[in-house]
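Input: a single structure, listed below in structure tokens.
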Amino acid sequence: MTVTLEVRDGVGTIRLDRPPMNALDVATQDRLRELAEEASRRDDVRAVVLYGGEKVFAAGADIKEMQAMDHAAMVLRSKALQDSFTAVARIPKPVVAAVTGYALGGGCELALCADFRIAGDNAKLGQPEILLGLIPGAGGTQRLARLVGPAKAKDLIFTGRHVRADEALTMGLVDRVVPAAEVYEQAHAWAAALAKGPALALRAAKEAVDAGLETDIDTGLTIERTWFAGLFATEDRERGMRSFVEEGPGKAKFL
């Protein structure tokens, strides 16, 4: 399999495994969507890590495969490509990308689908599609601009340049830089800590933020208050508030 799902301590690791560079061919894209949907459904998966291994996250699309596609073929394929990445972005649980080595093109776009990005000090990220006479096609023009702002996004997309981990941190493309050997360990620890939290509230928080970013403030506030009020019907809310009153803040244990 080019992508696998392994679950430990409530954390599902979606692992890219297509040596040597984890090129994202059609089969890998489709498998990524299948496992993202599986992780979304499974109750034993409460948080997710995206990982490409110790040496590389994903160096982009399979260029040889894409070169063989004409316009008609890509018209048919491009929606499925985007749907694969959107399935990752819509996992209703905390998702962290553990980025080592190259995360270029589709690899960078996949990292953008996570809620949080931990990069190794050897990481290089970028959207080099312009160098092929193309633009990002798996969400890069949209998610990158929303994350780092339009000017920085255009810099990366227009030039196709790679940025090292320190610059990626400065521009907000990644959230933490650690030694490369510690990337997966730290990403798993971040996810495992959130896996112990209230699942419905975390889902609500993610949907409220993500959906709110796509709309106006009034609609966003409606989304927020709908989720906020709805959580008052959950056992997690009862457990959390009871623990606060009886034991003090931050001591609740959620099922």
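By convention in this document, the chains of the structure tokens carry letters A, B, ... by their order, each chain's residues are numbered from 1, and ligands are numbered from 1 in the order they are shown.
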Quick one: pick out all strand (DSSP E) residues within region 41-242 of chain A from a backbone DSSP run and write them as a ChimeraX atom specification.
/A:47-51,95-99,102-104,116-120,124-126,162-164,176-178
Selection above as a file: N, CA, C and O atoms, as a JSON list (two decimals), in the first residue's frame:
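Dumped to result-v9.json:
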[["chain", "number", "residue", "atom", "x", "y", "z"],
["A", 47, "ALA", "N", -7.47, 11.69, 16.97],
["A", 47, "ALA", "CA", -6.60, 12.71, 16.38],
["A", 47, "ALA", "C", -5.76, 12.01, 15.32],
["A", 47, "ALA", "O", -5.65, 10.78, 15.31],
["A", 48, "VAL", "N", -5.17, 12.79, 14.42],
["A", 48, "VAL", "CA", -4.48, 12.21, 13.27],
["A", 48, "VAL", "C", -3.13, 12.89, 13.06],
["A", 48, "VAL", "O", -2.99, 14.11, 13.23],
["A", 49, "VAL", "N", -2.14, 12.09, 12.68],
["A", 49, "VAL", "CA", -0.83, 12.59, 12.24],
["A", 49, "VAL", "C", -0.65, 12.24, 10.77],
["A", 49, "VAL", "O", -0.89, 11.08, 10.38],
["A", 50, "LEU", "N", -0.25, 13.20, 9.97],
["A", 50, "LEU", "CA", 0.15, 12.95, 8.58],
["A", 50, "LEU", "C", 1.66, 12.87, 8.54],
["A", 50, "LEU", "O", 2.35, 13.79, 8.99],
["A", 51, "TYR", "N", 2.20, 11.80, 7.97],
["A", 51, "TYR", "CA", 3.64, 11.57, 8.06],
["A", 51, "TYR", "C", 4.13, 10.89, 6.79],
["A", 51, "TYR", "O", 3.45, 10.02, 6.24],
["A", 95, "VAL", "N", -5.74, 17.38, 13.40],
["A", 95, "VAL", "CA", -4.79, 16.77, 12.46],
["A", 95, "VAL", "C", -3.50, 17.58, 12.47],
["A", 95, "VAL", "O", -3.52, 18.80, 12.35],
["A", 96, "VAL", "N", -2.38, 16.88, 12.63],
["A", 96, "VAL", "CA", -1.07, 17.53, 12.60],
["A", 96, "VAL", "C", -0.23, 16.89, 11.51],
["A", 96, "VAL", "O", -0.21, 15.67, 11.37],
["A", 97, "ALA", "N", 0.45, 17.71, 10.73],
["A", 97, "ALA", "CA", 1.38, 17.22, 9.72],
["A", 97, "ALA", "C", 2.77, 17.19, 10.33],
["A", 97, "ALA", "O", 3.24, 18.19, 10.90],
["A", 98, "ALA", "N", 3.44, 16.05, 10.21],
["A", 98, "ALA", "CA", 4.82, 15.88, 10.67],
["A", 98, "ALA", "C", 5.71, 15.92, 9.43],
["A", 98, "ALA", "O", 5.78, 14.95, 8.68],
["A", 99, "VAL", "N", 6.37, 17.06, 9.21],
["A", 99, "VAL", "CA", 7.03, 17.32, 7.94],
["A", 99, "VAL", "C", 8.54, 17.17, 8.06],
["A", 99, "VAL", "O", 9.19, 17.92, 8.81],
["A", 102, "TYR", "N", 11.51, 17.19, 2.03],
["A", 102, "TYR", "CA", 10.73, 17.95, 1.06],
["A", 102, "TYR", "C", 9.22, 17.81, 1.28],
["A", 102, "TYR", "O", 8.70, 16.72, 1.47],
["A", 103, "ALA", "N", 8.53, 18.95, 1.24],
["A", 103, "ALA", "CA", 7.08, 19.00, 1.15],
["A", 103, "ALA", "C", 6.79, 20.01, 0.04],
["A", 103, "ALA", "O", 6.60, 21.20, 0.29],
["A", 104, "LEU", "N", 6.79, 19.52, -1.19],
["A", 104, "LEU", "CA", 6.70, 20.38, -2.35],
["A", 104, "LEU", "C", 5.46, 20.06, -3.18],
["A", 104, "LEU", "O", 5.03, 18.91, -3.24],
["A", 116, "PHE", "N", -2.29, 21.84, 12.14],
["A", 116, "PHE", "CA", -1.03, 22.24, 12.77],
["A", 116, "PHE", "C", 0.09, 21.55, 12.03],
["A", 116, "PHE", "O", -0.07, 20.41, 11.59],
["A", 117, "ARG", "N", 1.21, 22.24, 11.86],
["A", 117, "ARG", "CA", 2.34, 21.67, 11.12],
["A", 117, "ARG", "C", 3.61, 21.74, 11.96],
["A", 117, "ARG", "O", 4.03, 22.84, 12.35],
["A", 118, "ILE", "N", 4.20, 20.58, 12.23],
["A", 118, "ILE", "CA", 5.49, 20.50, 12.90],
["A", 118, "ILE", "C", 6.52, 20.10, 11.85],
["A", 118, "ILE", "O", 6.37, 19.06, 11.20],
["A", 119, "ALA", "N", 7.54, 20.92, 11.67],
["A", 119, "ALA", "CA", 8.54, 20.68, 10.63],
["A", 119, "ALA", "C", 9.88, 20.36, 11.24],
["A", 119, "ALA", "O", 10.27, 20.93, 12.27],
["A", 120, "GLY", "N", 10.60, 19.46, 10.60],
["A", 120, "GLY", "CA", 11.97, 19.21, 10.99],
["A", 120, "GLY", "C", 12.88, 20.33, 10.50],
["A", 120, "GLY", "O", 12.54, 21.06, 9.57],
["A", 124, "LYS", "N", 11.97, 21.47, 3.65],
["A", 124, "LYS", "CA", 11.88, 22.48, 2.60],
["A", 124, "LYS", "C", 10.48, 22.39, 2.00],
["A", 124, "LYS", "O", 10.04, 21.32, 1.60],
["A", 125, "LEU", "N", 9.80, 23.53, 1.98],
["A", 125, "LEU", "CA", 8.43, 23.56, 1.51],
["A", 125, "LEU", "C", 8.30, 24.52, 0.33],
["A", 125, "LEU", "O", 9.08, 25.48, 0.21],
["A", 126, "GLY", "N", 7.32, 24.28, -0.53],
["A", 126, "GLY", "CA", 7.12, 25.18, -1.65],
["A", 126, "GLY", "C", 6.06, 24.69, -2.60],
["A", 126, "GLY", "O", 5.57, 23.56, -2.51],
["A", 162, "HIS", "N", 11.60, 27.29, -3.03],
["A", 162, "HIS", "CA", 11.48, 26.50, -1.81],
["A", 162, "HIS", "C", 11.85, 27.37, -0.62],
["A", 162, "HIS", "O", 12.72, 28.24, -0.72],
["A", 163, "VAL", "N", 11.21, 27.16, 0.51],
["A", 163, "VAL", "CA", 11.59, 27.85, 1.74],
["A", 163, "VAL", "C", 12.04, 26.82, 2.77],
["A", 163, "VAL", "O", 11.46, 25.74, 2.88],
["A", 164, "ARG", "N", 13.09, 27.15, 3.48],
["A", 164, "ARG", "CA", 13.57, 26.28, 4.55],
["A", 164, "ARG", "C", 12.67, 26.43, 5.77],
["A", 164, "ARG", "O", 11.85, 27.34, 5.86],
["A", 176, "ARG", "N", 5.85, 24.96, 14.17],
["A", 176, "ARG", "CA", 6.92, 24.61, 15.09],
["A", 176, "ARG", "C", 8.03, 23.95, 14.28],
["A", 176, "ARG", "O", 7.76, 23.20, 13.36],
["A", 177, "VAL", "N", 9.28, 24.26, 14.63],
["A", 177, "VAL", "CA", 10.43, 23.62, 14.01],
["A", 177, "VAL", "C", 11.21, 22.88, 15.09],
["A", 177, "VAL", "O", 11.53, 23.46, 16.13],
["A", 178, "VAL", "N", 11.51, 21.62, 14.84],
["A", 178, "VAL", "CA", 12.21, 20.78, 15.81],
["A", 178, "VAL", "C", 13.30, 20.01, 15.07],
["A", 178, "VAL", "O", 13.30, 19.95, 13.84]]
Report as a Markdown table: every residue of region 190-235 of chain A with an atom at most 12 Å from region 72-91 of chain A, its closest pair of atoms, and their distance in Å to one decimal, counting only C-alpha atoms, with rows sorted by chain and ascending residue number.
| residue | atom | partner | partner_atom | distance |
| --- | --- | --- | --- | --- |
| A:Leu202 | CA | A:Ile91 | CA | 11.4 |
| A:Arg203 | CA | A:Ile91 | CA | 8.9 |
| A:Ala204 | CA | A:Ile91 | CA | 11.9 |
| A:Lys206 | CA | A:Arg90 | CA | 9.1 |
| A:Glu207 | CA | A:Arg90 | CA | 8.5 |
| A:Val209 | CA | A:Arg90 | CA | 12.0 |
| A:Asp210 | CA | A:Arg90 | CA | 9.1 |
| A:Ala211 | CA | A:Arg90 | CA | 10.4 |
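Across A:Pro20, A:Pro94, A:Gly52, A:Gly137, the tightest approach to Ala192 (chain A) is made by A:Pro94 when counting only C-alpha atoms.
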Please identify the alpha helix (DSSP H) residues within region 28-242 of chain A (assignment by DSSP from backbone atoms) and present them as a PyMOL selection string.
chain A and resi 28-41+63-67+71-89+106-112+140-148+150-159+165-171+183-195+199-213+217-230+235-242
For each of A:Gly149, A:Gly160, A:Gly10, A:Gly230, take the minimum atom-to-atom distance to Gly133 (chain A), counting only C-alpha atoms, then give the residue where this is smallest.
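Ranked by minimum distance to Gly133 (chain A), first place goes to A:Gly160.
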Between CA of Arg31 (chain A) and CA of Lys55 (chain A), what is the distance, to one decimal in Å?
21.1 Å
Between CA of Gly250 (chain A) and CA of Trp190 (chain A), what is the distance, to one decimal in Å?
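Distance between the two atoms: 16.8 Å.
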I want to know what sits within 7 Å of region 127-129 of chain A, based on only C-alpha atoms, with residues of the same chain fewer than 4 positions away left out; could you give that as a ChimeraX atom specification?
/A:104-105,108,133-136,156-157,160-161
Taking 4 positions as the minimum chain separation for residues in the same chain, which residues sit within 9 Å of Ala199 (chain A) when counting only C-alpha atoms? Answer as a list in words.
Arg46, Lys93, Leu194, Ala195, Arg203, Ala204, Asp236, Phe254 and Leu255 of chain A
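Among the candidates A:Thr28, A:Ala191, A:Glu34, A:Leu200, the one nearest to Phe228 (chain A) when counting only C-alpha atoms is A:Leu200.
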Residues at most 8 Å from Leu35 (chain A), counting only C-alpha atoms, excluding those fewer than 6 positions away in the same chain, as an mmCIF file with N, CA, C and O atoms, in the first residue's frame?
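part.cif, written as the output of this step:
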data_model
loop_
_atom_site.group_PDB
_atom_site.id
_atom_site.type_symbol
_atom_site.label_atom_id
_atom_site.label_comp_id
_atom_site.auth_asym_id
_atom_site.auth_seq_id
_atom_site.Cartn_x
_atom_site.Cartn_y
_atom_site.Cartn_z
ATOM 1 N N VAL A 3 -0.238 4.194 1.023
ATOM 2 C CA VAL A 3 -0.640 4.958 2.212
ATOM 3 C C VAL A 3 -1.223 3.971 3.208
ATOM 4 O O VAL A 3 -2.009 3.095 2.833
ATOM 5 N N THR A 4 -0.843 4.119 4.475
ATOM 6 C CA THR A 4 -1.353 3.219 5.501
ATOM 7 C C THR A 4 -1.910 4.028 6.672
ATOM 8 O O THR A 4 -1.596 5.215 6.840
ATOM 9 N N LEU A 5 -2.735 3.366 7.477
ATOM 10 C CA LEU A 5 -3.292 3.962 8.693
ATOM 11 C C LEU A 5 -2.984 3.049 9.863
ATOM 12 O O LEU A 5 -3.391 1.887 9.868
ATOM 13 N N ILE A 14 -1.568 8.529 9.430
ATOM 14 C CA ILE A 14 -1.703 8.295 8.000
ATOM 15 C C ILE A 14 -0.316 8.470 7.404
ATOM 16 O O ILE A 14 0.226 9.578 7.365
#
What lies within 8 Å of Val7 (chain A) using only C-alpha atoms, ignoring chain neighbours under 6 positions off, as a ChimeraX atom specification?
/A:13,44-45
For Ala61 (chain A), list every protein, DNA or RNA residue within 6 Å, evaluated using only C-alpha atoms, and leave out those in the same chain fewer than 2 positions away; present the list as a compact mmCIF listing (two decimals) with all heavy atoms, in the first residue's frame.
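So selection33.txt came out as:
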# COMPACT_ATOMS: atom_id res chain seq x y z
N ALA A 23 6.00 10.37 -4.14
CA ALA A 23 5.29 11.07 -5.21
C ALA A 23 3.82 10.69 -5.18
O ALA A 23 3.45 9.52 -5.04
CB ALA A 23 5.90 10.72 -6.56
N LEU A 24 2.96 11.68 -5.33
CA LEU A 24 1.53 11.48 -5.14
C LEU A 24 0.85 11.14 -6.46
O LEU A 24 0.24 11.99 -7.11
CB LEU A 24 0.92 12.75 -4.51
CG LEU A 24 1.50 13.11 -3.14
CD1 LEU A 24 1.13 14.54 -2.76
CD2 LEU A 24 1.01 12.14 -2.08
N ASP A 25 0.95 9.89 -6.87
CA ASP A 25 0.29 9.46 -8.09
C ASP A 25 -1.20 9.25 -7.83
O ASP A 25 -1.68 9.41 -6.70
CB ASP A 25 0.95 8.21 -8.65
CG ASP A 25 0.78 6.99 -7.74
OD1 ASP A 25 0.39 7.16 -6.56
OD2 ASP A 25 1.05 5.87 -8.20
N ILE A 63 5.19 13.36 -11.78
CA ILE A 63 5.25 14.17 -12.98
C ILE A 63 5.16 13.32 -14.25
O ILE A 63 4.52 13.71 -15.24
CB ILE A 63 6.54 15.03 -13.01
CG1 ILE A 63 6.60 15.91 -11.74
CG2 ILE A 63 6.57 15.92 -14.24
CD1 ILE A 63 5.41 16.81 -11.54
N GLY A 106 2.20 19.04 -4.35
CA GLY A 106 1.14 18.33 -3.65
C GLY A 106 1.51 17.99 -2.22
O GLY A 106 0.64 17.89 -1.36
To one decimal in Å, tell me the separation between CA of Leu173 (chain A) and CA of Val148 (chain A).
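Going from CA of Leu173 (chain A) over to CA of Val148 (chain A), I get 6.3 Å.
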